[in-house]
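Chemist: I am attaching a structure below and will ask some questions about it afterwards.
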Amino acid sequence: MRLLLSSIVVLLAGSATAFAPAPICRQNNAAALFMSEAATADTNMADSGKPPASADTSASMEDAEIPTKLPSDVGMDYVPLATMLATGQLAEADQFTRDALIVLAGSKEKGREFVYFTEVKRIPSTDLATMERLWTKFSGGKFGYTVQKKKYKQSKEDFEAFCTKIGWTTQDGDVERKKRWFGASEFIYDVKKAPVGHLPLTSALRGTSLLKELLKHPVWDNDDWMIEP
């Protein structure tokens, strides 16, 4: 089943919290998904966890089709993510994805607002596949973890070269540095302008292991994740 965006009532007020997933249950414990705490404007990508509050809507609301059959092993509602991506709200979709991982990995129920790399294996393949299909579909194959995995391999698994290739760095005089995430974000929330693999963003605050584990998740071992439900 698919919905025309113009036929459903949604709030497109430019707030990621307007699309926070409904509470879900994991191992009989209720887990409510909410946004991470804001950080200072001077924090760079390596110390980041939340992007700007909103992004410009670029897609036609009348023409966008929102898929509603979006499987989840834990009852997560991914229609909000589909809506954000379909309407070009990439900053909000980016934040939704990170917050979803916190719940899916079991970090939220432990009282943490971040995911340890050792918890990645707990993230259900079904949910990762659903989010990946949405990211690749609404970016025309430009964004998603599988796209980043290809770029990482092309970079010979050199993380710094990978960051440069997907546009996570910028030149500041003679120094190449990681882009800033807070305040006036230097990342590009625009499908047409962003480099291939630019989104979704993953915090490197606690090292690069989290992203590396996400890119090694078993769900990407074959192309079954691409099969529509």
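As shown in the structure tokens, the chain order sets the letters A, B, ...; within each chain, residues go from 1, and ligands are also counted from 1 in the order they appear.
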Can you tell me, as a list in words, what residues are no more than 10 Å from A:Thr169 when counting only C-alpha atoms, ignoring any on the same chain fewer than 5 positions away?

Modeler: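 Counting only the stated atoms, we get Met45, Glu160, Ala161, Phe162, Cys163, Thr164, Glu176, Arg177, Lys178, Lys179, Arg180, Glu186 and Phe187 of chain A.
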
Chemist: Which residues are close to stretch 67-70 of chain A, i.e. within 12 Å by only C-alpha atoms, leaving aside same-chain residues fewer than 5 positions away? Reply as a PyMOL selection string.

Modeler: chain A and resi 1-5+8+75-86+126-134+137-138+227-229

Chemist: Measuring between only C-alpha atoms, which one of A:Lys156, A:Gly183, A:Gly173, A:Phe117 shows the shortest distance to A:Ala204?

Modeler: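 Closest to A:Ala204, using only C-alpha atoms: A:Phe117.
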
Chemist: Go through A:Glu213, A:Glu157, A:Asp190, A:Asp174 one by one, measure the shortest atom-to-atom distance of each to A:Gly88 using only C-alpha atoms, and give the residue with the smallest value.

Modeler: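 Of all the options, A:Asp190 lies closest to A:Gly88.
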
Chemist: I'd like the neighbourhood of A:Ala105 as a list in words, where a residue qualifies if any of its atoms comes within 10 Å (using only C-alpha atoms), though same-chain residues fewer than 5 positions away should be ignored.

Modeler: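 Within the cut-off, the hits are Ala100, Phe114, Val115, Tyr116, Phe117, Thr118, Glu119, Val120, Lys121, Arg122, Ile123 and Pro124 of chain A.
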
Chemist: What does the distance from atom CA of A:Lys149 to atom CA of A:Leu215 come to in Å, to one decimal?

Modeler: 5.5 Å

Chemist: Which of these, A:His198, A:Lys216, A:Arg206, A:Lys110, has the shortest distance to A:Lys153 once you count only C-alpha atoms?

Modeler: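 Among A:His198, A:Lys216, A:Arg206, A:Lys110, it is A:Lys216 that comes nearest to A:Lys153.
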
Chemist: Rounded to one decimal place, report the atom CA of A:Thr170-atom CA of A:Ser139 distance in Å.

Modeler: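 Rounded to one decimal, the two atoms are 22.6 Å apart.
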
Chemist: Could you check the closest approach to A:Pro218 for each of A:Thr146, A:Lys165, A:Phe182, A:Gly140 and tell me which residue wins, using only C-alpha atoms?

Modeler: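 Nearest to A:Pro218: A:Thr146.
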
Chemist: Counting only C-alpha atoms, which of A:Phe159, A:Trp181, A:Trp168, A:Trp135 gets nearest to A:Val147?

Modeler: A:Trp135
